[in-house]
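Colleague: File follows, work.txt with compact mmCIF, C-alpha atoms:
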```txt
# COMPACT_ATOMS: atom_id res chain seq x y z
CA MET G 1 17.69 43.06 24.46
CA ASN G 2 18.97 42.58 27.99
CA PHE G 3 16.55 43.82 30.68
CA GLY G 4 18.83 42.75 33.51
CA ARG G 5 22.41 43.12 34.65
CA ILE G 6 25.50 42.43 32.67
CA PRO G 7 27.96 40.01 34.28
CA GLY G 8 29.69 41.57 37.27
CA GLU G 9 27.30 44.48 37.45
CA LYS G 10 24.97 45.40 40.29
CA GLY G 11 21.67 47.07 39.66
CA VAL G 12 17.91 46.71 40.07
CA TRP G 13 14.77 48.29 38.71
CA ALA G 14 13.29 50.79 41.17
CA VAL G 15 9.56 50.26 40.64
CA PRO G 16 7.66 53.54 41.17
CA TYR G 17 4.64 54.01 43.41
CA ILE G 18 1.66 54.40 41.14
CA THR G 19 -1.32 54.76 43.44
CA ASN G 20 -3.87 55.55 40.76
CA MET G 21 -3.48 53.93 37.37
CA ALA G 22 -6.25 56.02 35.91
CA MET G 23 -3.81 58.94 36.00
CA ARG G 24 -1.48 56.96 33.70
CA LEU G 25 -3.87 56.28 30.85
CA VAL G 26 -2.27 56.83 27.48
CA GLY G 27 -3.64 57.11 23.98
CA GLU G 28 -2.45 55.32 20.86
CA ASP G 29 0.41 57.81 20.64
CA GLY G 30 1.67 56.68 24.04
CA GLN G 31 1.01 60.10 25.55
CA LEU G 32 -1.11 60.79 28.62
CA LEU G 33 -4.73 61.46 27.75
CA PRO G 34 -5.43 65.20 27.38
CA ALA G 35 -8.07 65.01 30.12
CA ILE G 36 -5.44 63.72 32.53
CA GLN G 37 -2.98 66.41 31.57
CA GLU G 38 -5.69 68.99 32.26
CA ALA G 39 -6.51 67.37 35.61
CA GLN G 40 -2.85 67.37 36.56
CA ALA G 41 -2.50 71.02 35.58
CA ALA G 42 -5.55 71.85 37.69
CA ALA G 43 -4.09 69.95 40.62
CA ARG G 44 -0.80 71.79 40.30
CA ALA G 45 -2.71 75.06 40.27
CA GLY G 46 -4.43 74.07 43.49
CA GLY G 47 -7.75 73.39 41.84
CA ALA G 48 -10.03 70.41 42.18
CA GLY G 49 -8.08 68.15 39.87
CA ALA G 50 -7.83 64.43 40.29
CA ARG G 51 -5.14 63.17 42.63
CA GLY G 52 -3.12 60.06 42.83
CA GLY G 53 -0.42 60.20 40.17
CA GLY G 54 2.20 59.68 42.84
CA GLY G 55 1.96 58.73 46.47
CA GLY G 56 -0.16 60.07 49.27
CA GLY G 57 -3.76 59.73 50.38
CA ARG G 58 -6.78 59.53 48.23
CA GLY G 59 -8.25 62.88 49.13
CA GLY G 60 -11.75 61.70 48.33
CA ALA G 61 -10.98 61.20 44.65
CA LYS G 62 -14.02 60.01 42.74
CA SER G 63 -14.28 57.73 39.72
CA GLU G 64 -12.43 59.43 36.89
CA PRO G 65 -14.60 60.38 33.91
CA TRP G 66 -12.08 59.05 31.41
CA MET G 67 -12.14 55.51 32.76
CA PRO G 68 -14.51 53.14 30.89
CA TRP G 69 -16.43 52.20 34.02
CA MET G 70 -19.32 49.89 34.41
CA PRO G 71 -21.78 51.27 36.97
CA TRP G 72 -20.78 48.68 39.58
CA SER G 73 -17.03 49.20 39.17
CA ALA G 74 -17.43 52.98 39.52
CA ALA G 75 -19.52 52.47 42.64
CA VAL G 76 -16.93 50.13 44.14
CA TYR G 77 -14.20 52.62 43.38
CA ASP G 78 -16.15 55.47 45.01
CA TYR G 79 -16.77 53.24 48.02
CA HIS G 80 -13.03 52.63 48.40
CA SER G 81 -12.53 56.37 48.14
CA MET G 82 -15.01 56.97 50.95
CA ASN G 83 -13.06 54.75 53.34
CA GLU G 84 -9.55 55.72 52.21
CA SER G 85 -8.84 52.32 50.70
CA LYS G 86 -8.80 50.59 54.06
CA TYR G 87 -9.65 47.27 52.44
CA ASP G 88 -6.68 47.39 50.08
CA PRO G 89 -5.56 43.74 49.93
CA GLU G 90 -1.95 44.79 49.47
CA GLY G 91 -2.20 46.37 52.92
CA TYR G 92 -2.91 42.84 54.16
CA CYS G 93 0.29 41.65 52.44
CA LEU G 94 -1.65 39.86 49.73
CA PRO G 95 0.07 39.85 46.35
CA PRO G 96 -0.97 42.44 43.79
CA GLY G 97 -2.18 41.08 40.49
CA GLY G 98 -1.54 42.28 36.98
CA PRO G 99 0.03 45.67 36.34
CA ARG G 100 0.14 46.52 40.02
CA MET G 101 3.25 44.37 40.27
CA MET G 102 4.95 47.17 38.37
CA ALA G 103 3.47 49.89 40.56
CA THR G 104 4.38 48.60 44.00
CA PRO G 105 7.34 50.69 45.12
CA TYR G 106 10.03 48.14 45.76
CA GLN G 107 12.86 46.89 43.66
CA MET G 108 12.75 44.11 41.13
CA GLU G 109 15.05 42.17 38.86
CA ILE G 110 14.52 40.64 35.45
CA ILE G 111 16.41 37.48 34.69
CA GLN G 112 16.30 36.25 31.11
CA GLN G 113 16.94 32.59 30.49
CA PRO G 114 16.80 32.05 26.74
CA GLU G 115 18.21 28.57 27.15
CA HIS G 116 15.16 27.70 29.23
CA LYS G 117 12.88 29.83 27.06
CA ARG G 118 11.58 31.85 29.97
CA VAL G 119 11.92 35.20 31.72
CA ILE G 120 11.87 35.44 35.50
CA MET G 121 10.94 38.59 37.40
CA ILE G 122 11.77 38.74 41.10
CA PHE G 123 10.12 41.34 43.29
CA GLU G 124 11.31 42.57 46.66
CA GLY G 125 7.88 43.91 47.53
CA ALA G 126 4.47 42.39 47.00
CA THR G 127 5.18 39.49 49.34
CA HIS G 128 8.60 38.76 47.85
CA ILE G 129 7.01 37.23 44.82
CA TRP G 130 8.20 36.19 41.38
CA ARG G 131 6.77 35.92 37.91
CA GLU G 132 7.60 33.31 35.35
CA ILE G 133 6.98 34.24 31.73
CA TYR G 134 7.09 31.36 29.29
CA MET G 135 8.77 32.16 26.00
CA ASP G 136 8.50 28.68 24.49
CA GLY G 137 5.54 29.37 22.24
CA ARG G 138 2.91 27.81 24.44
CA THR G 139 -0.56 29.30 24.48
CA LEU G 140 -2.43 30.59 27.50
CA PRO G 141 -4.60 28.02 29.26
CA LYS G 142 -8.36 28.13 28.85
CA GLY G 143 -11.44 26.91 30.64
CA ASP G 144 -10.83 24.66 33.62
CA ASP G 145 -7.08 24.81 33.02
CA LEU G 146 -7.06 28.49 33.96
CA ASN G 147 -7.06 27.83 37.72
CA PRO G 148 -7.11 31.58 38.55
CA THR G 149 -4.28 32.91 40.70
CA TYR G 150 -3.03 36.30 41.89
CA LEU G 151 -0.50 36.62 39.07
CA GLY G 152 -2.29 34.56 36.47
CA HIS G 153 -0.48 32.91 33.57
CA SER G 154 2.07 34.69 31.40
CA VAL G 155 3.40 33.89 27.95
CA GLY G 156 5.75 36.17 26.06
CA HIS G 157 7.47 36.82 22.78
CA TRP G 158 9.79 39.41 21.30
CA GLU G 159 8.73 42.07 18.85
CA GLY G 160 12.09 43.51 17.94
CA ASP G 161 13.55 44.79 21.21
CA THR G 162 10.17 44.84 22.94
CA LEU G 163 9.10 42.02 25.20
CA VAL G 164 5.37 41.43 24.79
CA VAL G 165 3.67 39.44 27.54
CA GLU G 166 0.09 38.18 27.50
CA ASN G 167 -1.53 37.43 30.84
CA THR G 168 -4.77 35.80 31.86
CA GLY G 169 -6.16 33.61 34.65
CA PHE G 170 -6.26 36.24 37.39
CA ASN G 171 -8.33 35.61 40.49
CA GLU G 172 -10.44 38.40 41.99
CA ASN G 173 -8.43 38.75 45.18
CA SER G 174 -6.59 41.90 44.20
CA TRP G 175 -7.10 45.51 43.17
CA LEU G 176 -5.48 47.12 40.16
CA ASP G 177 -4.01 49.85 42.37
CA TYR G 178 -4.11 51.46 45.79
CA PHE G 179 -7.04 53.64 44.77
CA GLY G 180 -9.10 50.50 44.32
CA HIS G 181 -9.81 50.10 40.62
CA PRO G 182 -11.46 46.70 40.67
CA HIS G 183 -11.05 43.89 38.18
CA THR G 184 -12.69 40.54 37.59
CA ASP G 185 -11.42 37.12 36.62
CA GLN G 186 -12.20 38.03 33.02
CA MET G 187 -9.21 40.37 32.99
CA HIS G 188 -6.69 39.97 30.19
CA VAL G 189 -3.52 42.06 30.21
CA VAL G 190 -1.00 42.60 27.43
CA GLU G 191 2.26 44.09 28.71
CA ARG G 192 4.98 45.63 26.59
CA TRP G 193 8.47 46.17 27.95
CA ALA G 194 11.23 48.16 26.30
CA ARG G 195 14.59 49.53 27.43
CA PRO G 196 15.14 52.68 25.39
CA THR G 197 18.18 53.57 27.52
CA LYS G 198 20.23 51.63 30.04
CA GLN G 199 18.62 53.64 32.81
CA THR G 200 14.99 53.24 31.76
CA LEU G 201 12.52 50.41 31.46
CA ARG G 202 9.42 51.52 29.62
CA TYR G 203 6.32 49.68 30.80
CA GLN G 204 2.96 49.63 29.07
CA ALA G 205 -0.08 47.49 29.83
CA THR G 206 -3.37 47.19 27.99
CA VAL G 207 -6.11 45.97 30.31
CA THR G 208 -9.18 44.29 28.87
CA ASP G 209 -11.77 43.29 31.44
CA PRO G 210 -15.32 42.95 30.10
CA GLY G 211 -16.47 42.16 33.63
CA ALA G 212 -15.54 45.58 35.00
CA TYR G 213 -14.85 48.01 32.14
CA THR G 214 -16.72 48.73 28.94
CA ARG G 215 -13.59 48.83 26.77
CA PRO G 216 -9.85 48.21 27.04
CA PHE G 217 -7.52 50.90 28.34
CA THR G 218 -3.76 51.32 28.23
CA ILE G 219 -1.52 52.58 31.00
CA ALA G 220 2.19 53.33 30.87
CA TRP G 221 5.10 54.56 32.95
CA ASP G 222 8.85 54.41 33.15
CA ILE G 223 10.84 52.42 35.68
CA PRO G 224 14.32 53.73 36.54
CA TRP G 225 17.44 51.60 36.88
CA ARG G 226 19.11 51.81 40.29
CA GLU G 227 22.81 51.43 39.66
CA GLY G 228 24.58 49.28 42.25
CA GLY G 229 21.35 48.07 43.83
CA GLU G 230 20.56 44.57 45.01
CA LEU G 231 17.33 43.04 46.19
CA PRO G 232 17.07 43.40 49.97
CA GLU G 233 14.93 41.11 52.08
CA TYR G 234 11.59 42.63 52.96
CA ILE G 235 8.85 40.52 54.55
CA CYS G 236 5.53 42.33 54.53
CA GLN G 237 3.86 39.75 56.73
CA GLU G 238 6.19 40.22 59.67
CA ASN G 239 4.67 42.20 62.53
CA ASN G 240 1.98 43.74 60.32
CA ARG G 241 0.12 45.64 63.04
CA TYR G 242 -2.00 47.37 60.45
CA LEU G 243 -4.15 44.26 60.36
CA ASN G 244 -4.83 44.24 64.09
CA ARG G 245 -6.54 47.60 64.19
CA LEU G 246 -8.68 47.20 61.09
CA GLU G 247 -12.42 47.08 61.48
CA ASP G 248 -14.99 46.58 58.78
CA ASP G 249 -17.99 48.83 58.19
CA LEU G 250 -19.91 47.00 60.90
CA GLY G 251 -17.28 47.61 63.58
CA GLN G 252 -16.01 44.03 63.48
CA PRO G 253 -12.32 43.10 63.23
CA ILE G 254 -11.43 42.25 59.66
CA PHE G 255 -9.06 39.58 60.92
CA GLY G 256 -9.65 37.53 64.03
CA PRO G 257 -12.86 36.38 65.67
CA ARG G 258 -16.02 38.36 65.09
CA ALA G 259 -17.92 39.50 68.16
CA GLN G 260 -21.06 37.65 69.26
CA PRO G 261 -24.25 39.68 69.67
CA GLY G 262 -23.89 41.96 72.68
CA GLN G 263 -20.14 41.51 72.85
CA LYS G 264 -17.75 44.36 72.12
CA PRO G 265 -15.67 43.65 69.00
CA THR G 266 -12.16 42.54 69.92
CA GLY G 267 -10.69 45.07 67.52
CA ALA G 268 -12.65 47.99 68.99
CA ARG G 269 -10.61 50.78 70.50
CA MET N 1 -1.89 5.19 73.06
CA LYS N 2 -1.85 8.96 73.11
CA GLN N 3 -0.58 9.05 69.55
CA ARG N 4 -3.77 7.41 68.32
CA TRP N 5 -5.63 10.59 69.22
CA ILE N 6 -3.30 13.00 67.49
CA LEU N 7 -4.51 12.49 63.92
CA PRO N 8 -8.26 12.65 64.75
CA LEU N 9 -7.65 15.73 66.89
CA LEU N 10 -5.69 17.43 64.15
CA THR N 11 -8.41 16.55 61.65
CA LEU N 12 -11.08 17.95 63.96
CA ALA N 13 -9.09 21.13 64.49
CA LEU N 14 -8.77 21.55 60.73
CA VAL N 15 -12.48 20.97 60.17
CA LEU N 16 -13.37 23.50 62.87
CA ALA N 17 -10.98 26.02 61.38
CA VAL N 18 -12.43 25.83 57.86
CA PRO N 19 -15.60 27.90 58.52
CA GLY N 20 -13.34 30.69 59.76
CA LEU N 21 -11.53 30.87 56.46
CA THR N 22 -13.00 33.39 54.09
CA SER N 23 -11.53 34.01 50.70
CA ALA N 24 -11.08 37.51 49.43
CA GLN N 25 -13.23 38.53 46.50
CA PHE N 26 -12.90 42.01 45.10
CA GLY N 27 -14.70 41.52 41.81
CA HIS N 28 -18.41 42.22 41.55
CA PRO N 29 -19.57 42.44 45.18
CA LEU N 30 -22.63 40.26 44.64
CA LYS N 31 -20.72 37.40 43.04
CA GLY N 32 -20.18 34.33 45.17
CA GLN N 33 -21.98 32.16 47.64
CA TRP N 34 -24.13 33.69 50.36
CA SER N 35 -25.63 31.94 53.33
CA GLY N 36 -28.17 33.03 55.90
CA GLN N 37 -31.85 32.81 56.66
CA TRP N 38 -35.19 34.54 56.40
CA GLY N 39 -38.42 34.57 58.34
CA PRO N 40 -39.17 34.74 62.05
CA ALA N 41 -36.41 33.86 64.52
CA SER N 42 -38.56 31.08 65.91
CA SER N 43 -38.80 29.28 62.57
CA PRO N 44 -36.15 30.66 60.22
CA VAL N 45 -35.73 29.32 56.71
CA ARG N 46 -32.12 28.63 55.81
CA LEU N 47 -30.82 30.18 52.61
CA LEU N 48 -27.94 29.63 50.25
CA LEU N 49 -27.47 31.89 47.24
CA ASP N 50 -25.01 31.17 44.49
CA LEU N 51 -24.57 34.22 42.28
CA GLN N 52 -22.44 34.80 39.20
CA TRP N 53 -21.49 37.88 37.20
CA ASP N 54 -20.63 37.48 33.52
CA GLY N 55 -20.08 41.15 32.74
CA LYS N 56 -23.64 41.64 31.55
CA GLN N 57 -25.96 40.28 34.19
CA ILE N 58 -26.13 38.56 37.54
CA THR N 59 -27.43 35.04 37.36
CA GLY N 60 -27.63 32.27 39.90
CA THR N 61 -29.69 30.02 42.06
CA ILE N 62 -31.31 30.18 45.47
CA ASN N 63 -30.73 26.98 47.44
CA PRO N 64 -28.99 25.14 44.61
CA GLY N 65 -29.37 21.40 44.73
CA ALA N 66 -32.25 21.47 47.18
CA GLY N 67 -35.86 20.65 46.37
CA ASP N 68 -36.77 24.32 46.61
CA ALA N 69 -34.01 25.52 44.28
CA ALA N 70 -35.04 28.70 42.48
CA ALA N 71 -33.41 30.28 39.47
CA VAL N 72 -32.67 34.00 39.72
CA LYS N 73 -34.65 35.85 37.07
CA SER N 74 -33.40 39.39 37.50
CA VAL N 75 -31.28 41.59 39.73
CA THR N 76 -31.40 45.37 39.76
CA LEU N 77 -28.93 47.51 41.65
CA ASP N 78 -29.02 51.10 42.84
CA TYR N 79 -25.58 52.52 43.61
CA SER N 80 -26.77 55.93 44.84
CA ASN N 81 -25.01 55.24 48.11
CA PRO N 82 -21.73 53.45 47.25
CA ALA N 83 -21.55 52.07 50.79
CA ALA N 84 -25.09 50.64 50.82
CA TRP N 85 -26.31 49.38 47.48
CA LYS N 86 -30.00 48.72 47.04
CA VAL N 87 -30.59 45.26 45.60
CA VAL N 88 -33.83 43.91 44.17
CA LEU N 89 -33.65 40.26 43.17
CA GLN N 90 -36.44 38.23 41.69
CA ALA N 91 -36.55 34.48 41.36
CA GLU N 92 -38.92 31.69 40.39
CA GLY N 93 -39.68 30.03 43.70
CA LYS N 94 -42.06 27.28 44.65
CA ASP N 95 -44.08 26.64 47.77
CA ALA N 96 -44.13 23.39 49.75
CA SER N 97 -46.71 21.88 47.37
CA GLY N 98 -44.60 22.73 44.35
CA LYS N 99 -46.83 25.54 43.15
CA PRO N 100 -45.14 28.69 41.82
CA ALA N 101 -44.32 31.15 44.60
CA PRO N 102 -42.32 34.01 43.11
CA ILE N 103 -39.53 35.35 45.30
CA THR N 104 -38.74 39.03 45.64
CA VAL N 105 -35.71 40.06 47.62
CA ASP N 106 -35.60 43.74 48.52
CA GLY N 107 -32.30 44.29 50.25
CA THR N 108 -29.32 46.43 51.07
CA LEU N 109 -25.75 45.35 50.40
CA GLU N 110 -23.29 46.59 53.03
CA ASN N 111 -19.73 45.98 54.17
CA ILE N 112 -18.96 45.91 50.47
CA GLY N 113 -15.18 45.99 50.73
CA ALA N 114 -14.85 43.45 53.52
CA TYR N 115 -14.67 39.70 53.26
CA ALA N 116 -17.90 39.35 55.25
CA LYS N 117 -20.23 41.24 52.93
CA LEU N 118 -23.75 41.61 54.27
CA LEU N 119 -27.04 41.54 52.37
CA HIS N 120 -30.19 42.13 54.40
CA GLY N 121 -33.75 43.35 53.97
CA THR N 122 -37.16 41.93 53.21
CA TRP N 123 -37.79 38.50 51.66
CA THR N 124 -41.14 37.89 50.02
CA GLN N 125 -42.07 34.42 48.80
CA GLY N 126 -45.58 33.68 47.67
CA GLY N 127 -47.85 35.19 50.30
CA ARG N 128 -45.19 35.24 53.03
CA LYS N 129 -42.90 38.06 53.94
CA GLY N 130 -40.09 38.40 56.47
CA GLU N 131 -36.68 39.83 57.22
CA PHE N 132 -33.59 38.13 55.82
CA THR N 133 -29.85 38.28 56.41
CA LEU N 134 -27.19 36.82 54.15
CA THR N 135 -23.43 36.87 54.61
CA ARG N 136 -21.01 36.16 51.80
CA ASN N 137 -19.16 32.94 52.50
```
Output the structure of this file as structure tokens.

Modeller:
Amino acid sequence: MNFGRIPGEKGVWAVPYITNMAMRLVGEDGQLLPAIQEAQAAARAGGAGARGGGGGGRGGAKSEPWMPWMPWSAAVYDYHSMNESKYDPEGYCLPPGGPRMMATPYQMEIIQQPEHKRVIMIFEGATHIWREIYMDGRTLPKGDDLNPTYLGHSVGHWEGDTLVVENTGFNENSWLDYFGHPHTDQMHVVERWARPTKQTLRYQATVTDPGAYTRPFTIAWDIPWREGGELPEYICQENNRYLNRLEDDLGQPIFGPRAQPGQKPTGAR
Amino acid sequence: MKQRWILPLLTLALVLAVPGLTSAQFGHPLKGQWSGQWGPASSPVRLLLDLQWDGKQITGTINPGAGDAAAVKSVTLDYSNPAAWKVVLQAEGKDASGKPAPITVDGTLENIGAYAKLLHGTWTQGGRKGEFTLTRN
């Protein structure tokens, strides 16, 4: 199965903006959980349903009852909700980790290199980053060899026309999504990629993180093909003024020197 | 002659810059190394906490490596206010003579989403009690 272009063709995958992965939880049948469908219906009817399936602000959304929270992870999530996700590391141009790579709304390409037994994914967004998925049968590193990173380690194999990728070795410097679902370095992600039509990449990820969630959960969404597209250059770090006006809960600049006692914080307006 | 100073100056600049670097950590907010002090301002006691989270419990050591190192026995958390968690930590401390002096830390965790997380409150060790402040490194 070819997840990329054919020779001479132009095209890219237009990654959607998934701000809240908890609104993309699916059951074993691959369908959205009934509770989410009800919440979405309530939201459409103007009720107090959960928000965040698409873009937009958080609207004070609280920890979703269908997520397998640990008490601390729910509290962290509610905290991020209280402050409108101002500490979102992606807002600081730090790379997203895990499934958020496929929920950051920029374009990406998949380049398969069977002769090198690897798959490369190149992302316009998320700090212009790339993933390398080893298809040579190696196993994931363990113990001290893990050396946790933003994207972790990825090994893949084919199950028919589905690319199955196992990931581990994530550091704790990222959130799972804009809404602030936390994860720990115990996170293990199994991704499944399929291309049921030329225009659609079907993405599914099962997240297992015994440090933050009481059981695994699976999320899924489709990624459309953008005919004729190419990866443009986008540099998040350039002139990121968002950073300059950010203050922490204590009124101190998040970046730059912290004020001495009695001195007005430099970031204060 | 001037060039002889360049390398030492660069090294010094790098060393001075290191304390300003703080790594992000968005896992369990208590996990990591914390430094600070407790007791009166005139004679503060320096503190270093090294805490881990394994998915079941928080473990760690107060002042690891030092003569007064104390293993953390238990940590309880109250998340009623997501922006200011109540933290009660108990550890097996010792006094200057080496006799057991249990430590009870009754604190509040704030600035939870920021790099510079803050833990502050009352530190009780043996018969002594005082205010403490810890910042996540």

Colleague: Extract, using only C-alpha atoms, all DNA, RNA and protein residues at most 8 Å from Thr206 of chain G, discarding same-chain residues fewer than 6 positions from it, and format them as an mmCIF file with C-alpha atoms, in the frame of the given file.

Modeller:
```
data_model
loop_
_atom_site.group_PDB
_atom_site.id
_atom_site.type_symbol
_atom_site.label_atom_id
_atom_site.label_comp_id
_atom_site.auth_asym_id
_atom_site.auth_seq_id
_atom_site.Cartn_x
_atom_site.Cartn_y
_atom_site.Cartn_z
ATOM 1 C CA VAL G 189 -3.520 42.060 30.210
ATOM 2 C CA VAL G 190 -1.000 42.600 27.430
ATOM 3 C CA GLU G 191 2.260 44.090 28.710
ATOM 4 C CA PRO G 216 -9.850 48.210 27.040
ATOM 5 C CA PHE G 217 -7.520 50.900 28.340
ATOM 6 C CA THR G 218 -3.760 51.320 28.230
ATOM 7 C CA ILE G 219 -1.520 52.580 31.000
#
```

Colleague: Please report the interatomic distance between atom CA of Pro114 of chain G and atom CA of Glu233 of chain G in Å with one decimal.

Modeller: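 One can read the atom CA of Pro114 of chain G to atom CA of Glu233 of chain G distance as 27.0 Å.
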
Colleague: Could you tell me which residues of chain G sit within 6 Å of chain N when counting all atoms listed in the file, and give me the result as a compact mmCIF listing (two decimals) with C-alpha atoms, in the frame of the given file?

Modeller:
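The file below, selection_20.txt, is the result:
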```txt
# COMPACT_ATOMS: atom_id res chain seq x y z
CA ALA G 75 -19.52 52.47 42.64
CA TYR G 79 -16.77 53.24 48.02
CA TYR G 87 -9.65 47.27 52.44
CA GLU G 172 -10.44 38.40 41.99
CA ASN G 173 -8.43 38.75 45.18
CA HIS G 183 -11.05 43.89 38.18
CA THR G 184 -12.69 40.54 37.59
CA PRO G 210 -15.32 42.95 30.10
CA GLY G 211 -16.47 42.16 33.63
CA ASP G 249 -17.99 48.83 58.19
```

Colleague: For atom CA of Glu159 of chain G and atom CA of Arg202 of chain G, quote the distance in Å rounded to one decimal.

Modeller: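 That distance, rounded to one decimal, is 14.3 Å.
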
Colleague: State, in Å with one decimal place, the distance from atom CA of Gln37 of chain G to atom CA of Glu90 of chain G.

Modeller: 28.1 Å

Colleague: Which residues, written as a PyMOL selection string, have at least one atom at most 7 Å from segment 9-26 of chain G, with only C-alpha atoms counted and residues fewer than 2 positions away on the same chain left out?

Modeller: chain G and resi 5-7+28+30-33+36+52-55+67+102-109+177-179+217-220+223-230

Colleague: Tell me which residues come within 6 Å of (-30.1, 43.9, 55.2), as a ChimeraX atom specification, counting only C-alpha atoms in the file's coordinates.

Modeller: /N:107-108,119-121,133

Colleague: Looking at only C-alpha atoms, which of G:Gln204, G:Thr168, G:Asn244, G:Thr214 is the one that sits closest to Met187 of chain G?

Modeller: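 Closest residue, counting only C-alpha atoms: G:Thr168.
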
Colleague: Using all atoms listed in the file, list the residues that have an atom at most 9 Å from (8.6, 40.4, 41.3), coordinates as in the file, as a list in words.

Modeller: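 Protein, DNA and RNA residues close to (8.6, 40.4, 41.3): Met101, Met102, Gln107, Met108, Glu109, Ile110, Ile120, Met121, Ile122, Phe123, Glu124, Gly125, Ala126, Thr127, His128, Ile129, Trp130 and Arg131 of chain G.
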
Colleague: Any chance you can output those residues with C-alpha atoms as a JSON list (two decimals), keeping the file's coordinate frame?

Modeller:
```json
[["chain", "number", "residue", "atom", "x", "y", "z"],
["G", 101, "MET", "CA", 3.25, 44.37, 40.27],
["G", 102, "MET", "CA", 4.95, 47.17, 38.37],
["G", 107, "GLN", "CA", 12.86, 46.89, 43.66],
["G", 108, "MET", "CA", 12.75, 44.11, 41.13],
["G", 109, "GLU", "CA", 15.05, 42.17, 38.86],
["G", 110, "ILE", "CA", 14.52, 40.64, 35.45],
["G", 120, "ILE", "CA", 11.87, 35.44, 35.50],
["G", 121, "MET", "CA", 10.94, 38.59, 37.40],
["G", 122, "ILE", "CA", 11.77, 38.74, 41.10],
["G", 123, "PHE", "CA", 10.12, 41.34, 43.29],
["G", 124, "GLU", "CA", 11.31, 42.57, 46.66],
["G", 125, "GLY", "CA", 7.88, 43.91, 47.53],
["G", 126, "ALA", "CA", 4.47, 42.39, 47.00],
["G", 127, "THR", "CA", 5.18, 39.49, 49.34],
["G", 128, "HIS", "CA", 8.60, 38.76, 47.85],
["G", 129, "ILE", "CA", 7.01, 37.23, 44.82],
["G", 130, "TRP", "CA", 8.20, 36.19, 41.38],
["G", 131, "ARG", "CA", 6.77, 35.92, 37.91]]
```

Colleague: Which residue gives the smallest distance to Gly32 of chain N among N:Pro100, N:Gly60, N:Pro44, N:Gly127, with only C-alpha atoms counted?

Modeller: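 Of N:Pro100, N:Gly60, N:Pro44, N:Gly127, the one nearest Gly32 of chain N, counting only C-alpha atoms, is N:Gly60.
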
Colleague: Using all atoms listed in the file, which of N:Gly67, N:Ala41, N:Thr124, N:Lys86 sits nearest Thr104 of chain N?

Modeller: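 Checking each candidate against Thr104 of chain N, we get N:Thr124 as the closest.
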
Colleague: As AutoDock Vina command-line options, what would the box around segment 73-90 of chain G look like: edges along x, y and z, 4 Å added on every side, centre and edge lengths in Å to one decimal?

Modeller:
```
--center_x -10.7 --center_y 50.4 --center_z 46.6 --size_x 25.6 --size_y 21.2 --size_z 22.9
```

Colleague: For Arg128 of chain N, list every protein, DNA or RNA residue within 12 Å, evaluated using all atoms listed in the file, and leave out those in the same chain fewer than 4 positions away; present the list as an MDAnalysis selection string.

Modeller: chainID N and resid 38:40 45 94:95 101:105 122:124

Colleague: I want to know what sits within 6 Å of segment 148-153 of chain G, based on all atoms listed in the file, with residues of the same chain fewer than 4 positions away left out; could you give that as a list in words?

Modeller: Gly97, Asn167, Thr168, Gly169, Phe170 and Asn171 of chain G

Colleague: Counting only C-alpha atoms, figure out which residue out of N:Pro64, N:Ile58, N:Ala69, N:Asp106 gets nearest to Phe132 of chain N.

Modeller: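 Among the listed residues, N:Asp106 lies closest to Phe132 of chain N.
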
Colleague: Would you mind exporting segment 225-246 of chain G with C-alpha atoms, as a PDB file, in the first residue's frame?

Modeller:
```pdb
ATOM      1  CA  TRP G 225      -5.479  14.023   0.900  1.00  0.00           C
ATOM      2  CA  ARG G 226      -4.819  17.493  -0.511  1.00  0.00           C
ATOM      3  CA  GLU G 227      -4.403  17.038  -4.237  1.00  0.00           C
ATOM      4  CA  GLY G 228      -1.628  19.161  -5.726  1.00  0.00           C
ATOM      5  CA  GLY G 229      -0.261  20.203  -2.339  1.00  0.00           C
ATOM      6  CA  GLU G 230       3.378  20.487  -1.345  1.00  0.00           C
ATOM      7  CA  LEU G 231       4.967  21.067   2.015  1.00  0.00           C
ATOM      8  CA  PRO G 232       5.467  24.797   2.554  1.00  0.00           C
ATOM      9  CA  GLU G 233       8.071  26.169   4.926  1.00  0.00           C
ATOM     10  CA  TYR G 234       6.620  27.164   8.268  1.00  0.00           C
ATOM     11  CA  ILE G 235       8.891  28.033  11.185  1.00  0.00           C
ATOM     12  CA  CYS G 236       6.965  28.215  14.438  1.00  0.00           C
ATOM     13  CA  GLN G 237       9.889  29.643  16.358  1.00  0.00           C
ATOM     14  CA  GLU G 238      10.217  32.758  14.243  1.00  0.00           C
ATOM     15  CA  ASN G 239       8.869  35.894  15.906  1.00  0.00           C
ATOM     16  CA  ASN G 240       6.731  33.929  18.367  1.00  0.00           C
ATOM     17  CA  ARG G 241       5.412  36.883  20.353  1.00  0.00           C
ATOM     18  CA  TYR G 242       3.026  34.630  22.213  1.00  0.00           C
ATOM     19  CA  LEU G 243       5.920  33.684  24.454  1.00  0.00           C
ATOM     20  CA  ASN G 244       6.764  37.255  25.416  1.00  0.00           C
ATOM     21  CA  ARG G 245       3.434  38.017  27.011  1.00  0.00           C
ATOM     22  CA  LEU G 246       2.999  34.775  28.923  1.00  0.00           C
TER      23      LEU G 246
END
```
